[in-house]
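Input: a single structure, listed below in structure tokens.
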Amino acid sequence: MTDTNDFLFELGTEELPPKSLKKLSEALGEGIKAGLEKAALNHSELKLFASPRRLAVVITDLQNQQADQHVEKRGPALKAAFDVDGNPTKACEGFARSNNVSVEQLDKLETEKGTWMVYRFHKTGQSAQALMPTICQQALKNLPIPKPMRWGNFDYEFIRPVRWCIMMLGTDVVPIEILGKSSSNITYGHRVHASDAITIKAPRDYESTLETQAYVIADFSKRKNIIKEQIIKQAELQNATAIIDEALLSEVTGIVEWPRALTASFDDDFLRVPAEALIAAMQDHQKSFALKDVNGKLLSRFIFVSNIESKNQAEVIQGNERVMRARLADAAFFFDADCKRSLESHIPKLKNVTYQKKLGSLYDKSVRVANLAHHIAGFISAPANQAERAGMLSKCDLVTDMVFEFPELQGTMGYYYALNDNEPEAIAIALKEAYLPRFSGDECPETSLGCALALAERIDTLIGIFGINQQPTGVKDPFKCRRQALGIVRIVIEKKLDLDLLQALKHSVETYGDLLINKDVIEQVHAFIVERMRSWYLDRGVSHDSVAAVLERQSNQLYDFEQRVIAVEEFRKLVDAESLAAANKRVSRILIKEGNADLTNGVDSNLLQEAAEQQLAQLIQEKQLVVSPLYAMANYSQALTELADLRPAVDSFFDEVMVNVDDEKIRHNRLALLAKLRGLFLEVADISLLQK
């Protein structure tokens with residue numbers, strides 16, 4: 001008998017949910033790996049397999065037997081184990097009983113902290129054959145299955161009905177019953193191409209046997225790459241580029257076992273419908289990949305991935321074209337019907353759609369967003385009247401037929417319908433940009449009008465949700481407040497907008513009238529946005545203390561905050577930065593200690609006695625003249641670079657001048673000088689918070 005063997009576990013099922021397939025496979029692998037670690041069973045590679053009808057794991061070089069162990073269980077201290085007469089206490093007897101031995105069979109353990117009762121025994125390692133069934137069953141039990149189902153008259157529950165089970169160690173079947181199926185070495189392949197049972201001779205043969213005999217490419221990643229390569233090749237044959245959405249590619253990988261990509265076409269007349277709507281129909285309904293030409297224009301062709309290798313491909317293509325034609329006809333019908341009515345005509349319908357039961361209808365939200373967008377536009381050089389108009393139209397496409405069918409087209413269809421209504425193009429673009437950025441890494445609005453609308457939409461949501469005390473908690477964030485807050489941060493900073501955040505929040509509160517019950521809503525939303533901004537900076541690799549230093553001075557003008565953070569990050573690279581940060585810490589401590597000192601009179605040059613303090617006072621005065629205009633222009637980087645020149649004078653001051661002298665006037669004058677020094681830096685950030 002060898003020391004190691006390969007292991008195979010496969011669970012055969014009815015077709016698994018394609019969007020969940022990869023996640024289920026990874027969770028199964030993680031569960032089995034955790035079980036192996038807990039059991040101390042060594043192994044080499046653990047490879048996952050997942051196709052529509054199976055989840056499988058192959059483990060190479062799995063240790064056949066756990067190592068034997070010498071176990072030492074510690075019990076009560078000796079002084080607590082026996083009474084004064086030397087009789088065992090209840091604690092000692094209970095410890096012995098818990099280990100199924102007598103008190104006489106216990107040993108003593110001498111340590112630096114005293115003597116303890118122990119039970120020592122030899123534990124023989126269990127075999128992998130005995131351990132693996134439990135490990136696999138536990139891994140299955142822990143799979144993320146939100147809605148398990150039952151089948152037949154069984155009490156078993158799983159994500160789909162189970163049809164077969166393989167568990168093998170080497171060439172031997174490991175006997176087990178899982179979810180009503182006894183283990184074997186028999187698997188089943190493609191429903192059409194390989195309907196007969198197939199025997200797996202050894203775990204290492206599993207993948208190749210399925211591919212060569214069963215028409216199944218069991219490796220999810222391999223199958224996904226094959227599909228992608230086939231799609232690209234098909235597109236090249238059409239002198240086109242395929243629109244390959246990663247989520248769709250993964251979903252298709254979860255649908256097919258033996259992929260064959262084919263190209264089909266549809267009537268050119270459908271191209272009058274917005275491309276986004278056609279692509280949505282192709283992807284959502286037909287799981288197909290749209291094609292575009294060299295100029296990025298949508299073509300009347302598409303690629304689909306078949307799960308069979310047909311001898312009559314033309315018939316397969318015609319079948320897909322027939323179904324696609326019906327889907328696109330629906331999209332064209334929705335578009336034509338929507339275009340017969342103006343966006344504005346949908347405004348009354350918004351009154352019948354609840355946004356949030358405590359915050360009113362979509363109409364109420366539109367009115368608030370329009371008001372707030374008008375207010376924000378004044379700060380960011382956007383046309384205020386157009387911002388208000390865009391706000392009122394921003395929810396209208398939600399009640400159109402097209403967006404009802406394809407919710408992901410919200411904003412996009414608003415853009416097309418606004419153009420159809422001869423609304424100004426700027427308003428149409430703003431309707432499309434209102435939802436940007438949709439996710440991390442997504443682009444921000446390009447136009448100032450789009451920024452005004454996007455900001456108004458997000459601020460209104462945050463103020464409303466926090467205002468009724470439904471702030472996100474833990475992982476629960478139904479209104480995606482964290483994403484909304486990060487969107488605000490990114491739009492303002494990346495588009496360099498001069499927005500007063502607090503004013504915008506206050507104005508948003510006013511638009512709600514008496515609907516809000518949280519009196520601290522402005523402070524809480526402001527803190528929430530700032531916290532998201534802090535996380536955003538940390539994700540970008542900015543030092544946490546640089547962010548903290550700026551937060552001490554400014555957190556309302558977000559773009560100004562960005563400029564300060566950049567300045568501090570550049571400043572800390574200077575040779576003098578560390579010394580000046582330490583000096584600022586020292587100055588801060590001194591000023592806090594002398595908190596009651598009256599420094600309002602400033603620095604009196606007649607009271608400057610030492611050469612070092614005279615020199616520092618002179619340099620501070622000179623630097624103030626230099627940096628004041630830089631601060632006015634928000635050129636914080638240059639200002640801090642200028643202030644770095646103060647380091648030698650600051651060092652000399654602390655080396656040669658005593659601040660805490662008996663003469664109160666001189667002491668206060670020196671404190672005032674230090675306060676003036678610190679004030680120059682505080683115009684940017686509290687650099688005393690910078691760490692090495």
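Ordering of the structure tokens sets the chain letters (A, B, ...), residue numbers begin anew at 1 in every chain, and ligands are numbered from 1 in the order given.
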Residues within 12 Å of Asn5 (chain A), only C-alpha atoms, excluding chain neighbours under 4 positions, as an NGL selection string: :A and (1 or 41-45 or 58-65 or 127-129 or 168-172 or 202-204)
I want to know what sits within 12 Å of Leu140 (chain A), based on only C-alpha atoms, with residues of the same chain fewer than 2 positions away left out; could you give that as number ranges by chain? A: 9-11, 24-32, 35, 55-57, 133-138, 142-145, 148, 157-159, 178-179
Hey, can you spit out that residue selection with N, CA and C atoms as an mmCIF file, in the first residue's frame?
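Listing of part10.cif after writing:
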data_model
loop_
_atom_site.group_PDB
_atom_site.id
_atom_site.type_symbol
_atom_site.label_atom_id
_atom_site.label_comp_id
_atom_site.auth_asym_id
_atom_site.auth_seq_id
_atom_site.Cartn_x
_atom_site.Cartn_y
_atom_site.Cartn_z
ATOM 1 N N PHE A 9 -13.840 13.245 -6.040
ATOM 2 C CA PHE A 9 -15.227 13.367 -5.588
ATOM 3 C C PHE A 9 -15.995 14.115 -6.664
ATOM 4 N N GLU A 10 -17.066 13.501 -7.152
ATOM 5 C CA GLU A 10 -17.926 14.163 -8.136
ATOM 6 C C GLU A 10 -19.368 14.011 -7.699
ATOM 7 N N LEU A 11 -20.112 15.119 -7.762
ATOM 8 C CA LEU A 11 -21.538 15.097 -7.495
ATOM 9 C C LEU A 11 -22.255 15.456 -8.787
ATOM 10 N N LEU A 24 -20.120 28.113 -6.544
ATOM 11 C CA LEU A 24 -20.359 26.836 -5.865
ATOM 12 C C LEU A 24 -19.116 25.953 -5.916
ATOM 13 N N SER A 25 -18.475 25.905 -7.085
ATOM 14 C CA SER A 25 -17.276 25.080 -7.241
ATOM 15 C C SER A 25 -16.166 25.549 -6.301
ATOM 16 N N GLU A 26 -15.951 26.857 -6.264
ATOM 17 C CA GLU A 26 -14.893 27.398 -5.408
ATOM 18 C C GLU A 26 -15.196 27.148 -3.930
ATOM 19 N N ALA A 27 -16.471 27.279 -3.549
ATOM 20 C CA ALA A 27 -16.850 27.049 -2.153
ATOM 21 C C ALA A 27 -16.649 25.583 -1.768
ATOM 22 N N LEU A 28 -16.965 24.679 -2.701
ATOM 23 C CA LEU A 28 -16.747 23.254 -2.433
ATOM 24 C C LEU A 28 -15.257 22.985 -2.231
ATOM 25 N N GLY A 29 -14.429 23.557 -3.103
ATOM 26 C CA GLY A 29 -12.983 23.375 -2.976
ATOM 27 C C GLY A 29 -12.442 23.920 -1.668
ATOM 28 N N GLU A 30 -12.912 25.107 -1.295
ATOM 29 C CA GLU A 30 -12.456 25.712 -0.041
ATOM 30 C C GLU A 30 -12.870 24.870 1.158
ATOM 31 N N GLY A 31 -14.106 24.320 1.103
ATOM 32 C CA GLY A 31 -14.589 23.492 2.207
ATOM 33 C C GLY A 31 -13.783 22.219 2.360
ATOM 34 N N ILE A 32 -13.479 21.567 1.239
ATOM 35 C CA ILE A 32 -12.687 20.328 1.298
ATOM 36 C C ILE A 32 -11.257 20.627 1.745
ATOM 37 N N GLY A 35 -11.221 21.095 5.394
ATOM 38 C CA GLY A 35 -11.354 19.809 6.074
ATOM 39 C C GLY A 35 -10.059 19.023 6.080
ATOM 40 N N LEU A 55 -20.287 18.975 -10.058
ATOM 41 C CA LEU A 55 -19.259 19.645 -9.261
ATOM 42 C C LEU A 55 -18.271 18.557 -8.868
ATOM 43 N N ALA A 56 -16.990 18.799 -9.068
ATOM 44 C CA ALA A 56 -16.018 17.744 -8.784
ATOM 45 C C ALA A 56 -14.716 18.331 -8.259
ATOM 46 N N VAL A 57 -14.003 17.478 -7.526
ATOM 47 C CA VAL A 57 -12.689 17.837 -6.989
ATOM 48 C C VAL A 57 -11.770 16.640 -7.170
ATOM 49 N N PRO A 133 -15.239 10.942 3.418
ATOM 50 C CA PRO A 133 -16.698 11.101 3.310
ATOM 51 C C PRO A 133 -17.236 12.234 4.188
ATOM 52 N N THR A 134 -16.770 12.292 5.413
ATOM 53 C CA THR A 134 -17.238 13.346 6.324
ATOM 54 C C THR A 134 -16.784 14.718 5.845
ATOM 55 N N ILE A 135 -15.539 14.795 5.377
ATOM 56 C CA ILE A 135 -15.010 16.075 4.894
ATOM 57 C C ILE A 135 -15.834 16.576 3.710
ATOM 58 N N CYS A 136 -16.152 15.687 2.773
ATOM 59 C CA CYS A 136 -16.926 16.094 1.591
ATOM 60 C C CYS A 136 -18.357 16.466 1.960
ATOM 61 N N GLN A 137 -18.961 15.699 2.858
ATOM 62 C CA GLN A 137 -20.330 15.995 3.273
ATOM 63 C C GLN A 137 -20.411 17.349 3.975
ATOM 64 N N GLN A 138 -19.414 17.637 4.802
ATOM 65 C CA GLN A 138 -19.409 18.919 5.500
ATOM 66 C C GLN A 138 -19.218 20.071 4.516
ATOM 67 N N ASN A 142 -21.909 23.259 3.689
ATOM 68 C CA ASN A 142 -21.548 24.672 3.842
ATOM 69 C C ASN A 142 -21.611 25.464 2.539
ATOM 70 N N LEU A 143 -22.077 24.840 1.456
ATOM 71 C CA LEU A 143 -22.154 25.568 0.194
ATOM 72 C C LEU A 143 -23.157 26.726 0.294
ATOM 73 N N PRO A 144 -22.862 27.845 -0.379
ATOM 74 C CA PRO A 144 -23.774 29.004 -0.335
ATOM 75 C C PRO A 144 -24.999 28.773 -1.217
ATOM 76 N N ILE A 145 -26.005 28.123 -0.646
ATOM 77 C CA ILE A 145 -27.238 27.818 -1.389
ATOM 78 C C ILE A 145 -28.391 28.565 -0.725
ATOM 79 N N PRO A 148 -32.385 26.021 -1.125
ATOM 80 C CA PRO A 148 -32.255 24.598 -1.460
ATOM 81 C C PRO A 148 -33.616 24.012 -1.827
ATOM 82 N N GLU A 157 -32.085 17.939 0.670
ATOM 83 C CA GLU A 157 -32.153 19.294 0.115
ATOM 84 C C GLU A 157 -30.814 19.647 -0.529
ATOM 85 N N PHE A 158 -30.890 20.173 -1.737
ATOM 86 C CA PHE A 158 -29.686 20.661 -2.420
ATOM 87 C C PHE A 158 -30.136 21.688 -3.444
ATOM 88 N N ILE A 159 -29.185 22.313 -4.093
ATOM 89 C CA ILE A 159 -29.545 23.368 -5.041
ATOM 90 C C ILE A 159 -30.273 22.812 -6.263
ATOM 91 N N ILE A 178 -24.572 9.929 -0.320
ATOM 92 C CA ILE A 178 -24.710 11.384 -0.244
ATOM 93 C C ILE A 178 -25.992 11.802 -0.947
ATOM 94 N N LEU A 179 -26.841 12.478 -0.214
ATOM 95 C CA LEU A 179 -28.085 13.017 -0.770
ATOM 96 C C LEU A 179 -28.852 11.951 -1.553
#
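Interatomic distance, CA of Leu359 (chain A) against CA of Ile488 (chain A): 21.0 Å.
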For CA of Val192 (chain A) and CA of Glu236 (chain A), the interatomic separation in Å (one decimal):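 CA of Glu236 (chain A) lies 29.5 Å from CA of Val192 (chain A).
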Selected residue, from A:Ile529, A:Ala329, A:Ile166, A:Val256, that lies nearest to Pro52 (chain A) when counting only C-alpha atoms: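 That would be A:Val256, the residue with the smallest distance to Pro52 (chain A).
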Who sits within 8 Å of Arg163 (chain A), only C-alpha atoms, same chain under 2 positions skipped, as a list in words: Leu11, Gly12, Thr13, Glu14, Pro161, Cys165 and Lys181 of chain A
DSSP on the backbone: which residues in region 261-310 of chain A end up as alpha helix (DSSP H)? Give the answer as a PyMOL selection string. chain A and resi 275-286
Excluding same-chain residues fewer than 2 positions from Tyr636 (chain A), what lies within 8 Å of it counting only C-alpha atoms, as number ranges by chain? A: 563-564, 567, 630-631, 634, 638-640, 684
Mind pulling up the distance from CA of Gln554 (chain A) to CA of Leu505 (chain A)? 16.3 Å
Exercise: region 446-458 of chain A partners within 6 Å, only C-alpha atoms, chain neighbours under 4 positions left out, as a PyMOL selection string: chain A and resi 369+372-373+376-377+382+387+430+433-434+484+488
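Proximity to Leu131 (chain A) was assessed for A:Lys519, A:Lys38, A:Lys228, A:Lys357 counting only C-alpha atoms; the smallest distance is recorded for A:Lys38.
The smallest atom-to-atom distance between Ala235 (chain A) and any of A:Arg223, A:Ala280, A:Ala290, A:Val521, using only C-alpha atoms, is found for A:Ala290.
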Who sits within 9 Å of Ile522 (chain A), only C-alpha atoms, same chain under 2 positions skipped, as a list in words: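 The filter keeps Ile463, Phe466, Gly467, Leu502, Leu505, Lys506, Val509, Asn518, Lys519, Asp520, Gln524, Val525, His526 and Ala527 of chain A.
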